[in-house]
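Asks: Here it is, the structure, as structure tokens.
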Amino acid sequence: MNKKIDVACAIIEKDGMVLAAQRSESMSLPLKWEFPGGKIEPREDARDCLERELMEELGVGIHIHAALSPSSWRYPDFAITLHPFVCTLKPGTIHLVEHKAIRWIRPEEMGRLDWAEADGPVLENYFRYLGQRVD
Ligand SMILES: Nc1nc2c([nH]c(=O)n2[C@H]2C[C@H](O)[C@@H](COP(=O)(O)OP(=O)(O)OP(=O)(O)O)O2)c(=O)[nH]1
């Protein structure tokens with residue numbers, strides 16, 4: 001049976017833009033764009049995982065504002081459930097530890113990037129959330 005992983009990921013908002021991160025050549029799914037985050041460890045809470053991963057990967061703290069519905073995807077060699085959270089950054093400076101690049105983009109530009117396939121349903125989910133949000 002193929003491996004199944006649970007991954008927490010952060011949709012980080014700032015001034016109407018969202019942070020997209022590009023995986024490096026040496027990572028799995030090389031050069032694909034994603035929301036920063038990572039695998040949830042056994043018995044770890046998804047929010048704790050996200051805070052830990054953001055500190056490890058980008059050296060920043062986050063505020064978590066909303067949880068979107070998890071969405072699942074099957075890659076050829078593993079299955080993934082993504083647990084997306086809408087976040088903002090705590091004060092601090094981003095340092096790229098493992099990603100090749102980051103970009104702040106407007107939601108309407110998100111479709112132009114070459115996202116990891118599992119992120120398709122996450123993007124749809126986020127657009128639905130934006131459509132319903134009152135702020
Ligand atoms: N963080 C994150 N990972 C994603 C997204 N979409 C997506 O398919 N993934 C995949 C990429 C990885 O296979 C996995 C995340 O685990 P990870 O960030 O710990 O990946 P990794 O490269 O260290 O994994 P590995 O190759 O060492 O097993 O989920 C996303 O939006 N954010």
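Identifiers in this document derive from the order of the structure tokens: chains are assigned A, B, ..., residues are numbered from 1 separately in each chain, and ligands are numbered from 1 in order of occurrence.
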Residues near stretch 62-75 of chain A, anyone? I mean within 12 Å using only C-alpha atoms, not counting same-chain ones fewer than 5 positions away, as a PyMOL selection string.
Replies: chain A and resi 2-14+28-29+36-37+46-55+80-94+116-130+133
Asks: I need the residues of stretch 47-133 of chain A that end up classed as alpha helix (DSSP H) by DSSP on the backbone, written out as a PyMOL selection string.
Replies: chain A and resi 47-58+119-132
Asks: Can you list, as a list in words, every residue of stretch 42-113 of chain A that DSSP puts in strand (DSSP E)?
Replies: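 The strand (DSSP E) residues within stretch 42-113 of chain A come out as Ile62, His63, Ile64, His65, Ala66, Ala67, Ser71, Ser72, Trp73, Arg74, Phe78, Ala79, Ile80, Thr81, Leu82, His83, Pro84, Phe85, Val86, Cys87, Thr88, Leu89, Ala101, Ile102, Arg103, Trp104 and Ile105 of chain A.
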Asks: Using only C-alpha atoms and all ligand atoms, find the one residue out of A:Glu56, A:Trp115, A:Pro107, A:Asp15 that sits nearest to ligand 1.
Replies: A:Trp115
Asks: I need the residue nearest ligand 1 from this list: A:Glu34, A:Glu44, A:Glu109, A:Asp77. Use only C-alpha atoms and all ligand atoms for the distance.
Replies: A:Glu34
Asks: Interatomic distance between atom 17 (P, counted along the ligand's line) of ligand 1 and atom CA of A:Ile40?
Replies: 9.1 Å
Asks: Using atom CA of A:Met17 and atom CA of A:Trp104 as the two end points, give the distance in Å to one decimal.
Replies: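 Spanning atom CA of A:Met17 to atom CA of A:Trp104 is a straight-line distance of 5.8 Å.
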Asks: Using Å and a single decimal, report how far atom CA of A:Gln22 sits from atom 30 (C, counted along the ligand's line) of ligand 1.
Replies: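 The value is 9.7 Å.
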